[in-house]
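Listing of target_24.txt, compact mmCIF, C-alpha atoms (C1' of nucleotides)
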```txt
# COMPACT_ATOMS: atom_id res chain seq x y z
CA MET E 24 0.00 0.00 0.00
CA ASN E 25 1.59 3.23 -1.13
CA VAL E 26 1.36 6.67 0.43
CA ARG E 27 -0.66 7.86 -2.54
CA THR E 28 -3.53 5.47 -1.69
CA LEU E 29 -3.23 6.31 2.01
CA CYS E 30 -3.67 10.03 1.26
CA LEU E 31 -6.68 9.34 -0.96
CA ALA E 32 -8.21 7.15 1.78
CA ILE E 33 -7.94 9.83 4.45
CA LEU E 34 -9.07 12.64 2.13
CA TYR E 35 -12.05 10.52 1.01
CA PHE E 36 -13.51 10.90 4.50
CA GLY E 37 -12.68 14.60 4.87
CA ASP E 38 -10.30 17.46 4.00
CA ALA E 39 -6.92 17.50 5.70
CA THR E 40 -3.46 19.07 5.67
CA GLY E 41 -0.31 16.98 5.18
CA TYR E 42 0.34 17.28 8.89
CA GLU E 43 -3.13 16.00 9.75
CA ILE E 44 -2.72 13.03 7.40
CA LYS E 45 0.46 12.11 9.22
CA LYS E 46 -1.26 12.51 12.59
CA LEU E 47 -4.26 10.39 11.57
CA SER E 48 -1.99 7.65 10.24
CA MET E 49 -0.09 7.59 13.53
CA GLU E 50 -2.79 8.13 16.15
CA GLY E 51 -6.15 7.69 14.46
CA LYS E 52 -8.16 4.66 13.41
CA TYR E 53 -5.59 3.81 10.71
CA SER E 54 -2.65 3.83 13.10
CA HIS E 55 -2.15 0.09 13.60
CA PHE E 56 -1.93 -0.87 9.93
CA VAL E 57 -0.50 2.10 8.00
CA ASP E 58 2.43 4.46 8.33
CA ALA E 59 4.04 7.23 6.32
CA SER E 60 6.61 9.93 6.91
CA PHE E 61 6.46 13.61 5.99
CA GLY E 62 9.10 12.95 3.39
CA SER E 63 6.65 10.76 1.49
CA ILE E 64 3.35 12.51 2.27
CA TYR E 65 4.22 15.97 0.95
CA PRO E 66 5.60 14.74 -2.40
CA ALA E 67 2.61 12.36 -2.72
CA LEU E 68 0.16 15.24 -2.22
CA ASN E 69 1.97 17.32 -4.85
CA ARG E 70 1.78 14.41 -7.32
CA LEU E 71 -1.91 13.91 -6.54
CA GLU E 72 -2.55 17.61 -7.12
CA SER E 73 -0.75 17.50 -10.49
CA ALA E 74 -2.89 14.49 -11.46
CA GLU E 75 -5.98 16.51 -10.37
CA LEU E 76 -7.05 13.78 -7.95
CA VAL E 77 -6.97 16.33 -5.12
CA THR E 78 -7.25 20.12 -4.91
CA CYS E 79 -5.46 22.42 -2.51
CA ARG E 80 -6.53 25.66 -0.87
CA GLU E 81 -4.15 27.75 1.19
CA GLU E 82 -5.50 29.12 4.46
CA ILE E 83 -3.26 32.07 5.23
CA GLN E 84 -3.17 33.08 8.87
CA PRO E 85 -1.28 36.28 9.77
CA GLY E 86 1.96 35.48 11.58
CA LYS E 87 1.49 31.70 11.24
CA PRO E 88 2.67 29.42 8.44
CA ALA E 89 -0.06 28.87 5.82
CA ARG E 90 -2.18 25.73 6.13
CA LYS E 91 -2.48 23.81 2.86
CA VAL E 92 -5.83 22.06 3.10
CA TYR E 93 -6.34 19.27 0.55
CA SER E 94 -9.70 18.03 -0.78
CA ILE E 95 -10.32 14.95 -2.89
CA THR E 96 -11.88 15.46 -6.34
CA GLU E 97 -14.48 13.26 -8.04
CA ALA E 98 -11.67 11.70 -10.13
CA GLY E 99 -9.74 11.09 -6.93
CA LYS E 100 -12.70 9.25 -5.39
CA GLN E 101 -13.00 7.06 -8.47
CA GLU E 102 -9.26 6.35 -8.38
CA PHE E 103 -9.44 5.40 -4.71
CA LEU E 104 -12.41 3.04 -5.19
CA LYS E 105 -10.55 1.44 -8.09
CA ALA E 106 -7.45 0.92 -5.91
CA LEU E 107 -9.61 -0.59 -3.14
CA SER E 108 -11.27 -3.03 -5.51
CA GLU E 109 -7.98 -4.64 -6.45
CA PRO E 110 -7.08 -7.80 -4.50
CA PRO E 111 -5.13 -6.87 -1.36
CA LYS E 112 -1.41 -7.54 -1.25
CA GLU E 113 -0.07 -9.69 1.58
CA ASP E 114 0.09 -8.09 5.02
CA VAL E 115 3.56 -7.04 6.09
CA PHE E 116 4.96 -7.74 9.54
CA ARG E 117 8.48 -6.65 10.53
CA SER E 118 9.83 -7.26 14.02
CA GLU E 119 13.19 -6.33 15.42
CA PHE E 120 12.05 -7.85 18.69
CA LEU E 121 11.69 -11.31 17.10
CA LEU E 122 15.17 -11.03 15.58
CA ILE E 123 16.50 -10.54 19.10
CA ALA E 124 14.28 -13.38 20.39
CA ILE E 125 15.47 -15.86 17.77
CA CYS E 126 19.04 -15.03 18.84
CA ALA E 127 18.30 -15.71 22.54
CA GLU E 128 21.12 -18.28 22.68
CA ILE E 129 23.76 -15.68 21.79
CA VAL E 130 22.67 -12.33 23.27
CA GLY E 131 22.46 -13.04 26.99
CA PRO E 132 19.46 -13.21 29.33
CA GLU E 133 19.49 -9.54 30.43
CA HIS E 134 19.08 -8.35 26.85
CA ILE E 135 16.27 -10.85 26.29
CA SER E 136 14.45 -9.71 29.41
CA ARG E 137 14.83 -6.06 28.45
CA ALA E 138 13.61 -6.70 24.90
CA LEU E 139 10.59 -8.56 26.31
CA ASP E 140 9.85 -5.70 28.72
CA ILE E 141 10.03 -3.11 25.95
CA ARG E 142 7.85 -5.11 23.55
CA MET E 143 5.25 -5.89 26.21
CA ASP E 144 5.08 -2.24 27.24
CA GLN E 145 4.47 -1.25 23.62
CA LEU E 146 1.71 -3.84 23.32
CA ARG E 147 0.02 -2.71 26.55
CA LYS E 148 0.14 0.90 25.36
CA ASP E 149 -1.36 -0.06 21.98
CA ILE E 150 -4.08 -2.18 23.62
CA GLU E 151 -4.99 0.68 25.93
CA HIS E 152 -5.17 2.98 22.90
CA PHE E 153 -7.56 0.55 21.17
CA ARG E 154 -9.75 0.40 24.29
CA THR E 155 -9.88 4.21 24.48
CA MET E 156 -10.95 4.39 20.84
CA LEU E 157 -13.67 1.77 21.37
CA ASP E 158 -15.03 3.80 24.31
CA GLY E 159 -15.63 6.68 21.88
CA GLN E 160 -18.32 6.96 19.20
CA ILE E 161 -16.71 4.33 16.94
CA GLN E 162 -19.08 2.23 14.83
CA GLY E 163 -19.45 -0.09 11.87
CA ALA E 164 -16.42 -1.15 9.85
CA THR E 165 -14.07 1.03 11.90
CA LYS E 166 -15.17 -0.69 15.12
CA TRP E 167 -14.73 -4.11 13.47
CA THR E 168 -11.22 -3.18 12.35
CA ILE E 169 -10.17 -1.86 15.75
CA LYS E 170 -11.53 -5.00 17.45
CA TYR E 171 -9.48 -7.06 15.00
CA GLY E 172 -6.34 -5.20 16.02
CA LEU E 173 -7.23 -5.51 19.69
CA THR E 174 -7.73 -9.28 19.38
CA CYS E 175 -4.37 -9.78 17.60
CA PHE E 176 -2.45 -7.60 20.03
CA GLU E 177 -4.04 -9.29 23.06
CA ALA E 178 -3.10 -12.74 21.71
CA SER E 179 0.44 -11.50 21.16
CA LEU E 180 0.71 -10.09 24.69
CA ALA E 181 -0.81 -13.24 26.22
CA TYR E 182 1.84 -15.40 24.51
CA LEU E 183 4.61 -13.16 25.81
CA GLU E 184 3.16 -13.16 29.35
CA ASN E 185 2.79 -16.96 29.43
CA GLU E 186 5.95 -17.96 27.57
CA ARG E 187 8.51 -15.27 28.34
CA HIS E 188 10.10 -17.30 31.14
CA GLU E 189 10.74 -20.14 28.68
CA LEU E 190 12.72 -17.82 26.38
CA GLU E 191 14.55 -16.36 29.35
CA GLN E 192 15.51 -19.89 30.44
CA ILE E 193 16.78 -20.70 26.94
CA ALA E 194 18.98 -17.58 27.08
CA ALA E 195 20.21 -18.41 30.60
CA SER E 196 21.05 -22.04 29.72
CA ALA E 197 22.99 -21.00 26.62
CA THR E 198 25.00 -18.46 28.62
CA ARG E 199 25.84 -21.09 31.26
CA GLU E 200 26.96 -23.58 28.60
CA ALA E 201 29.13 -20.93 26.92
CA ALA E 202 30.87 -20.30 30.25
CA GLU E 203 31.86 -23.95 30.60
CA MET N 13 15.67 -3.33 11.05
CA ASN N 14 17.85 -2.73 8.04
CA VAL N 15 19.01 -5.21 5.40
CA ARG N 16 22.55 -4.88 6.67
CA THR N 17 21.61 -6.35 10.07
CA LEU N 18 19.50 -9.04 8.39
CA CYS N 19 22.49 -10.16 6.29
CA LEU N 20 24.74 -10.24 9.35
CA ALA N 21 22.11 -12.28 11.25
CA ILE N 22 21.85 -14.94 8.56
CA LEU N 23 25.61 -15.07 7.96
CA TYR N 24 26.21 -15.37 11.72
CA PHE N 25 24.64 -18.83 11.60
CA GLY N 26 26.36 -19.93 8.38
CA ASP N 27 27.80 -18.91 5.02
CA ALA N 28 25.35 -17.99 2.28
CA THR N 29 25.01 -16.38 -1.14
CA GLY N 30 22.83 -13.33 -1.74
CA TYR N 31 20.24 -15.58 -3.30
CA GLU N 32 20.19 -17.87 -0.26
CA ILE N 33 19.79 -14.88 2.09
CA LYS N 34 16.75 -13.82 0.11
CA LYS N 35 15.35 -17.37 0.18
CA LEU N 36 15.90 -17.75 3.93
CA SER N 37 14.23 -14.42 4.61
CA MET N 38 11.22 -15.49 2.55
CA GLU N 39 10.83 -19.18 3.38
CA GLY N 40 13.01 -19.97 6.37
CA LYS N 41 12.64 -19.37 10.09
CA TYR N 42 12.95 -15.59 9.59
CA SER N 43 10.19 -15.42 6.99
CA HIS N 44 7.34 -14.10 9.12
CA PHE N 45 9.15 -11.08 10.53
CA VAL N 46 11.73 -9.93 7.98
CA ASP N 47 11.86 -9.18 4.28
CA ALA N 48 14.30 -7.78 1.77
CA SER N 49 14.58 -7.55 -2.00
CA PHE N 50 17.55 -8.40 -4.21
CA GLY N 51 17.86 -4.71 -4.91
CA SER N 52 18.76 -4.12 -1.27
CA ILE N 53 20.59 -7.38 -0.43
CA TYR N 54 23.32 -7.22 -3.11
CA PRO N 55 24.30 -3.59 -2.38
CA ALA N 56 24.21 -4.35 1.36
CA LEU N 57 26.60 -7.30 0.91
CA ASN N 58 28.97 -5.12 -1.12
CA ARG N 59 28.94 -2.47 1.61
CA LEU N 60 29.53 -5.11 4.30
CA GLU N 61 32.47 -6.47 2.31
CA SER N 62 33.98 -2.98 1.97
CA ALA N 63 33.63 -2.53 5.74
CA GLU N 64 35.32 -5.94 6.21
CA LEU N 65 32.40 -7.27 8.23
CA VAL N 66 32.03 -10.14 5.73
CA THR N 67 34.34 -11.84 3.25
CA CYS N 68 33.42 -13.23 -0.13
CA ARG N 69 34.77 -16.23 -2.03
CA GLU N 70 33.74 -16.94 -5.58
CA GLU N 71 32.90 -20.55 -6.38
CA ILE N 72 33.40 -20.78 -10.11
CA GLN N 73 31.51 -23.64 -11.71
CA PRO N 74 32.19 -24.29 -15.42
CA GLY N 75 29.19 -23.26 -17.51
CA LYS N 76 27.25 -21.88 -14.53
CA PRO N 77 27.26 -18.34 -13.14
CA ALA N 78 29.74 -18.00 -10.26
CA ARG N 79 28.37 -18.38 -6.74
CA LYS N 80 29.50 -15.61 -4.41
CA VAL N 81 29.54 -17.20 -0.99
CA TYR N 82 29.74 -14.74 1.90
CA SER N 83 31.16 -15.44 5.36
CA ILE N 84 30.94 -13.22 8.43
CA THR N 85 34.21 -12.01 9.98
CA GLU N 86 35.00 -11.63 13.68
CA ALA N 87 34.39 -7.88 13.35
CA GLY N 88 31.07 -8.67 11.66
CA LYS N 89 30.02 -10.89 14.58
CA GLN N 90 30.89 -8.11 17.05
CA GLU N 91 28.94 -5.60 14.98
CA PHE N 92 25.90 -7.91 14.86
CA LEU N 93 25.93 -8.56 18.62
CA LYS N 94 26.18 -4.80 19.17
CA ALA N 95 23.16 -4.20 16.89
CA LEU N 96 21.19 -6.90 18.75
CA SER N 97 21.95 -5.39 22.14
CA GLU N 98 20.30 -2.09 21.24
CA PRO N 99 16.66 -1.72 22.33
CA PRO N 100 14.33 -3.05 19.61
CA LYS N 101 12.39 -0.55 17.50
CA GLU N 102 8.60 -0.90 17.39
CA ASP N 103 7.20 -3.77 15.36
CA VAL N 104 5.78 -2.75 11.99
CA PHE N 105 2.46 -4.01 10.70
CA ARG N 106 1.08 -2.91 7.31
CA SER N 107 -2.20 -4.26 5.98
CA GLU N 108 -3.88 -3.48 2.71
CA PHE N 109 -6.61 -5.89 3.75
CA LEU N 110 -7.53 -3.74 6.77
CA LEU N 111 -7.68 -0.62 4.59
CA ILE N 112 -10.30 -2.41 2.49
CA ALA N 113 -12.06 -3.65 5.64
CA ILE N 114 -12.29 -0.19 7.20
CA CYS N 115 -13.90 0.99 3.94
CA ALA N 116 -16.56 -1.78 4.02
CA GLU N 117 -19.33 0.82 3.84
CA ILE N 118 -18.14 2.12 0.46
CA VAL N 119 -16.64 -0.81 -1.48
CA GLY N 120 -19.56 -3.25 -1.73
CA PRO N 121 -20.07 -6.68 -0.14
CA GLU N 122 -18.55 -8.77 -2.98
CA HIS N 123 -15.20 -6.99 -2.65
CA ILE N 124 -15.27 -7.43 1.13
CA SER N 125 -15.98 -11.14 0.80
CA ARG N 126 -13.22 -11.57 -1.74
CA ALA N 127 -10.70 -9.64 0.38
CA LEU N 128 -11.64 -11.81 3.39
CA ASP N 129 -11.22 -14.99 1.33
CA ILE N 130 -7.79 -13.90 0.08
CA ARG N 131 -6.56 -12.86 3.52
CA MET N 132 -7.83 -16.03 5.20
CA ASP N 133 -6.20 -18.20 2.53
CA GLN N 134 -2.89 -16.44 3.14
CA LEU N 135 -3.21 -16.99 6.88
CA ARG N 136 -4.05 -20.69 6.46
CA LYS N 137 -1.05 -21.11 4.16
CA ASP N 138 1.24 -19.34 6.66
CA ILE N 139 -0.12 -21.39 9.58
CA GLU N 140 0.45 -24.62 7.67
CA HIS N 141 3.99 -23.47 6.93
CA PHE N 142 4.60 -22.86 10.66
CA ARG N 143 3.24 -26.34 11.50
CA THR N 144 5.53 -27.94 8.89
CA MET N 145 8.52 -26.14 10.37
CA LEU N 146 7.60 -27.23 13.93
CA ASP N 147 7.41 -30.87 12.73
CA GLY N 148 11.09 -30.59 11.73
CA GLN N 149 14.11 -30.52 14.02
CA ILE N 150 13.39 -26.99 15.28
CA GLN N 151 14.44 -26.23 18.87
CA GLY N 152 15.15 -23.57 21.42
CA ALA N 153 14.68 -19.90 20.60
CA THR N 154 13.72 -20.66 17.00
CA LYS N 155 10.89 -22.93 18.15
CA TRP N 156 9.73 -20.28 20.63
CA THR N 157 9.70 -17.65 17.88
CA ILE N 158 7.79 -19.83 15.42
CA LYS N 159 5.22 -20.71 18.11
CA TYR N 160 4.80 -16.98 18.73
CA GLY N 161 4.05 -16.42 15.05
CA LEU N 162 1.70 -19.41 14.98
CA THR N 163 -0.23 -18.10 18.01
CA CYS N 164 -0.65 -14.62 16.53
CA PHE N 165 -1.71 -15.90 13.11
CA GLU N 166 -4.19 -18.37 14.62
CA ALA N 167 -5.77 -15.58 16.69
CA SER N 168 -6.01 -13.46 13.56
CA LEU N 169 -7.64 -16.26 11.55
CA ALA N 170 -10.04 -17.10 14.39
CA TYR N 171 -11.26 -13.49 14.51
CA LEU N 172 -11.83 -13.48 10.76
CA GLU N 173 -13.67 -16.82 10.90
CA ASN N 174 -15.92 -15.74 13.75
CA GLU N 175 -16.53 -12.12 12.76
CA ARG N 176 -16.40 -12.04 8.97
CA HIS N 177 -20.16 -12.24 8.64
CA GLU N 178 -20.50 -9.10 10.74
CA LEU N 179 -18.28 -7.12 8.36
CA GLU N 180 -20.12 -8.59 5.37
CA GLN N 181 -23.42 -7.45 6.91
CA ILE N 182 -22.05 -3.94 7.45
CA ALA N 183 -21.06 -3.81 3.77
CA ALA N 184 -24.44 -5.18 2.65
CA SER N 185 -26.43 -2.72 4.79
CA ALA N 186 -24.45 0.25 3.51
CA THR N 187 -25.03 -0.82 -0.10
CA ARG N 188 -28.78 -1.16 0.52
CA GLU N 189 -28.94 2.29 2.12
CA ALA N 190 -27.00 3.83 -0.77
CA ALA N 191 -29.54 2.35 -3.22
CA GLU N 192 -32.43 4.09 -1.48
C1' DA L 3 10.50 36.93 33.70
C1' DC L 4 12.84 33.28 31.34
C1' DC L 5 13.69 28.86 29.55
C1' DC L 6 12.42 24.46 27.81
C1' DT L 7 9.51 21.36 25.68
C1' DT L 8 5.65 20.22 22.90
C1' DC L 9 2.41 21.17 19.19
C1' DT L 10 1.20 22.95 14.78
C1' DA L 11 2.85 23.20 10.02
C1' DT L 12 5.74 23.50 6.22
C1' DA L 13 9.63 21.39 3.38
C1' DT L 14 14.06 19.24 1.72
C1' DC L 15 17.62 15.71 1.06
C1' DA L 16 20.87 11.85 1.24
C1' DA L 17 20.56 7.17 1.89
C1' DA L 18 18.01 2.98 1.92
C1' DT L 19 14.76 0.15 -0.11
C1' DC L 20 11.34 -1.65 -3.40
C1' DG L 21 9.80 -3.72 -7.50
C1' DA L 22 10.62 -4.60 -12.03
C1' DT L 23 13.63 -6.09 -15.36
C1' DA L 24 17.68 -8.41 -17.70
C1' DT L 25 20.72 -12.35 -18.29
C1' DA L 26 22.02 -17.25 -18.31
C1' DT L 27 21.98 -22.18 -17.26
C1' DG L 28 20.13 -26.63 -15.47
C1' DC L 29 16.34 -29.54 -14.63
C1' DC L 30 11.86 -31.62 -14.76
C1' DG L 31 7.31 -32.69 -16.56
C1' DG L 32 4.08 -32.87 -20.33
C1' DC G 4 11.26 -30.62 -27.45
C1' DC G 5 9.18 -26.87 -25.38
C1' DG G 6 7.70 -24.27 -21.37
C1' DG G 7 8.10 -23.28 -16.83
C1' DC G 8 10.58 -23.24 -12.57
C1' DA G 9 14.77 -22.90 -9.61
C1' DT G 10 19.34 -21.12 -9.22
C1' DA G 11 22.19 -17.06 -9.37
C1' DT G 12 23.88 -12.67 -10.58
C1' DA G 13 23.03 -7.57 -11.14
C1' DT G 14 21.08 -2.88 -12.28
C1' DC G 15 17.93 1.02 -12.09
C1' DG G 16 14.16 4.34 -11.66
C1' DA G 17 10.79 5.38 -8.30
C1' DT G 18 9.49 5.39 -3.72
C1' DT G 19 10.20 5.80 1.06
C1' DT G 20 12.66 6.57 5.32
C1' DG G 21 14.70 9.25 8.80
C1' DA G 22 16.97 13.22 9.92
C1' DT G 23 17.12 17.95 9.69
C1' DA G 24 15.64 22.95 9.20
C1' DT G 25 12.42 26.67 10.00
C1' DA G 26 9.07 29.19 12.82
C1' DG G 27 5.36 30.92 15.78
C1' DA G 28 2.00 29.59 19.71
C1' DA G 29 1.21 27.72 24.00
C1' DG G 30 2.07 25.88 28.37
C1' DG G 31 4.70 24.43 32.44
C1' DG G 32 8.40 24.85 35.65
C1' DT G 33 11.93 27.63 38.46
```
Translate this structure into structure tokens?
Amino acid sequence: MNVRTLCLAILYFGDATGYEIKKLSMEGKYSHFVDASFGSIYPALNRLESAELVTCREEIQPGKPARKVYSITEAGKQEFLKALSEPPKEDVFRSEFLLIAICAEIVGPEHISRALDIRMDQLRKDIEHFRTMLDGQIQGATKWTIKYGLTCFEASLAYLENERHELEQIAASATREAAE
Amino acid sequence: MNVRTLCLAILYFGDATGYEIKKLSMEGKYSHFVDASFGSIYPALNRLESAELVTCREEIQPGKPARKVYSITEAGKQEFLKALSEPPKEDVFRSEFLLIAICAEIVGPEHISRALDIRMDQLRKDIEHFRTMLDGQIQGATKWTIKYGLTCFEASLAYLENERHELEQIAASATREAAE
DNA sequence: ACCCTTCTATATCAAATCGATATATGCCGG
DNA sequence: CCGGCATATATCGATTTGATATAGAAGGGT
């Protein structure tokens, strides 16, 4: 999924500035399955404007930097629906934590415990964020999608809570053997 | 996690060619949490060789293209252990499927059903792959890591199996309302 | 009063990475 | 005997990341 489609998706449901698109993709209902940096959003919006899939109006505020508010055009909506109707590409999952975990035999138990702590804290924070969103006025497909994320993250955290000691033992045993 | 660290990780546990690194990262025990293209692996190996973190020997076979087999050096091992000991960055999850799901109200029920079918097929294939790997001679941290992936993917599939009809109903209702 | 951090908001740029393409041979099944 | 697949290299334009720069408002702490 490219940044172009992400911008169209967010603009489909309402006007936004580049900054707001970034914020929505990091904190909003899209946050657990998309991401994009400023360095890709601003060029993407310029390309979309050139292709007339979005329009831009500048809101000039005295003393403040101008807000560039983007709106999707009819052609942009068509383009977005076309992109959505294509079969989805495989989900992508990248985990530095699991690279550390799979190397438990060589990194030492303290590092494993710290990596587990960090990852579990992240998961708890994300789960709390999901719960907060569900307490709001979320409905329909958005609610379904957030509950999906919540379910996956809870399963992940449960595994770590139940099985972390096993990985820590593997790391400890390997360290002991190396010392012999 | 950059391709550089991925190459060092794979070479830490044994010599490999660029092609084999790609294959391991797609089909092996790393497959569910890393990925890299040839376009990033070959330049990364060249950079690692320049930095003397790996060495390369060419195995020339008459009539066949030469195999470039890379080995990690002592400095490379130190560098890899150093990279592992840094706190892990947040896991990354990107899903085109969930972008379609969150747009259930606007894409139409057939597209939703098809996207669900595709995603569930992928998950079943991945789960089967995990099971096959666990039937082999997998042990220790690798087994723990694969079981983690299996648990997460099973939870994901279970949610889709139990709740897909709800999303399909949301899509169907929205289409009916739009027709009025 | 002053400083420091955070938030809003823009944008650029080198470096890394993706995804497609090119090339060449061996091997297996139809 | 042909087509497709696996092995194996490599390049290249386009995209994306991650860091950095700029700048005013707003708020908290000392």
For this session: Please check which residues have atoms at most 12 Å from (1.8, 25.6, 29.6) in the file's coordinates, counting all atoms listed in the file, and write them as a PyMOL selection string.
Result: (chain L and resi 6-9) or (chain G and resi 28-32)
Problem set entry | Closest of L:DA3, L:DT19, L:DA13, L:DT27 to Phe61 in chain E - atom-to-atom distances counting all atoms listed in the file |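 With all atoms listed in the file as the atom set, the closest residue is L:DA13.
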Proximity of chain E to chain N: per-residue shortest pair, 7 Å limit, only C-alpha atoms, as a tab-separated table:
```
residue	atom	partner	partner_atom	distance
E:Met24	CA	N:Glu108	CA	5.9
E:His55	CA	N:Phe105	CA	6.8
E:Phe56	CA	N:Arg106	CA	4.5
E:Val57	CA	N:Arg106	CA	5.3
E:Leu104	CA	N:Val119	CA	6.8
E:Leu107	CA	N:Ile112	CA	6.0
E:Ser108	CA	N:His123	CA	6.3
E:Pro110	CA	N:Ala127	CA	6.3
E:Pro111	CA	N:Phe109	CA	5.4
E:Lys112	CA	N:Glu108	CA	6.2
E:Asp114	CA	N:Ser107	CA	4.6
E:Val115	CA	N:Arg106	CA	5.0
E:Phe116	CA	N:Phe105	CA	4.6
E:Arg117	CA	N:Phe45	CA	4.5
E:Ser118	CA	N:Asp103	CA	4.6
E:Glu119	CA	N:Pro100	CA	5.4
E:Phe120	CA	N:Pro100	CA	5.4
E:Leu121	CA	N:Thr157	CA	6.7
E:Ile123	CA	N:Leu96	CA	5.9
E:Ala124	CA	N:Ala153	CA	6.5
E:Ile125	CA	N:Ala153	CA	5.0
E:Cys126	CA	N:Ala153	CA	6.8
E:Ala127	CA	N:Ala153	CA	5.9
E:Glu128	CA	N:Ala153	CA	7.0
E:Val130	CA	N:Leu93	CA	6.8
E:His134	CA	N:Ser97	CA	6.3
E:Ala138	CA	N:Pro99	CA	6.4
E:Gly163	CA	N:Ile182	CA	6.4
E:Ala164	CA	N:Ile114	CA	5.0
E:Thr165	CA	N:Ile114	CA	5.2
E:Trp167	CA	N:Leu179	CA	6.9
E:Thr168	CA	N:Ile114	CA	6.1
E:Tyr171	CA	N:Tyr171	CA	6.7
E:Cys175	CA	N:Ser168	CA	5.7
E:Ala178	CA	N:Cys164	CA	6.0
E:Ser179	CA	N:Cys164	CA	5.7
E:Tyr182	CA	N:Tyr160	CA	6.7
E:Leu190	CA	N:Ala153	CA	6.4
E:Ile193	CA	N:Gly152	CA	6.4
```
Would you mind listing, as a compact mmCIF listing (two decimals) with C-alpha atoms, keeping the file's coordinate frame, all residues of chain E that have at least one atom within 12 Å of chain L, where only C-alpha atoms (C1' of nucleotides) are what counts?
```txt
# COMPACT_ATOMS: atom_id res chain seq x y z
CA MET E 24 0.00 0.00 0.00
CA ASN E 25 1.59 3.23 -1.13
CA THR E 40 -3.46 19.07 5.67
CA GLY E 41 -0.31 16.98 5.18
CA TYR E 42 0.34 17.28 8.89
CA GLU E 43 -3.13 16.00 9.75
CA ILE E 44 -2.72 13.03 7.40
CA LYS E 45 0.46 12.11 9.22
CA LYS E 46 -1.26 12.51 12.59
CA PHE E 61 6.46 13.61 5.99
CA GLY E 62 9.10 12.95 3.39
CA SER E 63 6.65 10.76 1.49
CA ILE E 64 3.35 12.51 2.27
CA TYR E 65 4.22 15.97 0.95
CA PRO E 66 5.60 14.74 -2.40
CA ASN E 69 1.97 17.32 -4.85
CA GLU E 81 -4.15 27.75 1.19
CA GLU E 82 -5.50 29.12 4.46
CA ILE E 83 -3.26 32.07 5.23
CA GLN E 84 -3.17 33.08 8.87
CA LYS E 87 1.49 31.70 11.24
CA PRO E 88 2.67 29.42 8.44
CA ALA E 89 -0.06 28.87 5.82
CA ARG E 90 -2.18 25.73 6.13
CA LYS E 91 -2.48 23.81 2.86
CA VAL E 92 -5.83 22.06 3.10
```
For this session: Find the distance between CA of Leu20 in chain N and CA of Leu146 in chain N and write it in Å to one decimal.
Result: 24.6 Å
Write out, as a tab-separated table, each residue of chain G that has an atom at most 9 Å from chain E, together with the closest pair of atoms and their distance in Å to one decimal, counting all atoms listed in the file, rows going by chain and rising number.
```
residue	atom	partner	partner_atom	distance
G:DT18	C1'	E:Ser63	CA	8.0
G:DT19	C1'	E:Ser63	CA	6.1
G:DT20	C1'	E:Ser60	CA	7.1
G:DG21	C1'	E:Ser60	CA	8.3
G:DA26	C1'	E:Pro88	CA	7.8
G:DG27	C1'	E:Lys87	CA	6.0
G:DA28	C1'	E:Lys87	CA	8.7
```
Atoms kept (C-alpha atoms (C1' of nucleotides)) for selection, written as an mmCIF file, in the frame of the given file:
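In the end it all went to part.cif:
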```cif
data_model
loop_
_atom_site.group_PDB
_atom_site.id
_atom_site.type_symbol
_atom_site.label_atom_id
_atom_site.label_comp_id
_atom_site.auth_asym_id
_atom_site.auth_seq_id
_atom_site.Cartn_x
_atom_site.Cartn_y
_atom_site.Cartn_z
ATOM 1 C "C1'" DT G 18 9.490 5.390 -3.720
ATOM 2 C "C1'" DT G 19 10.200 5.800 1.060
ATOM 3 C "C1'" DT G 20 12.660 6.570 5.320
ATOM 4 C "C1'" DG G 21 14.700 9.250 8.800
ATOM 5 C "C1'" DA G 26 9.070 29.190 12.820
ATOM 6 C "C1'" DG G 27 5.360 30.920 15.780
ATOM 7 C "C1'" DA G 28 2.000 29.590 19.710
#
```
Problem set entry | Å distance separating CA of His188 in chain E from CA of Gly26 in chain N, one decimal place |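 Distance between the two atoms: 28.1 Å.
Rounded to one decimal, CA of Pro121 in chain N and CA of Leu76 in chain E lie 25.5 Å from each other.
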Exercise. Got a sec: who's within 10 Å of Ala63 in chain N, counting all atoms listed in the file, leaving out chain neighbours fewer than 5 positions off, as an MDAnalysis selection string?
Worked result: chainID N and resid 57:58 87:88
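Proximity to Arg59 in chain N was assessed for N:Ser83, N:Arg16, N:Glu39, N:Ala191 counting all atoms listed in the file; the smallest distance is recorded for N:Arg16.
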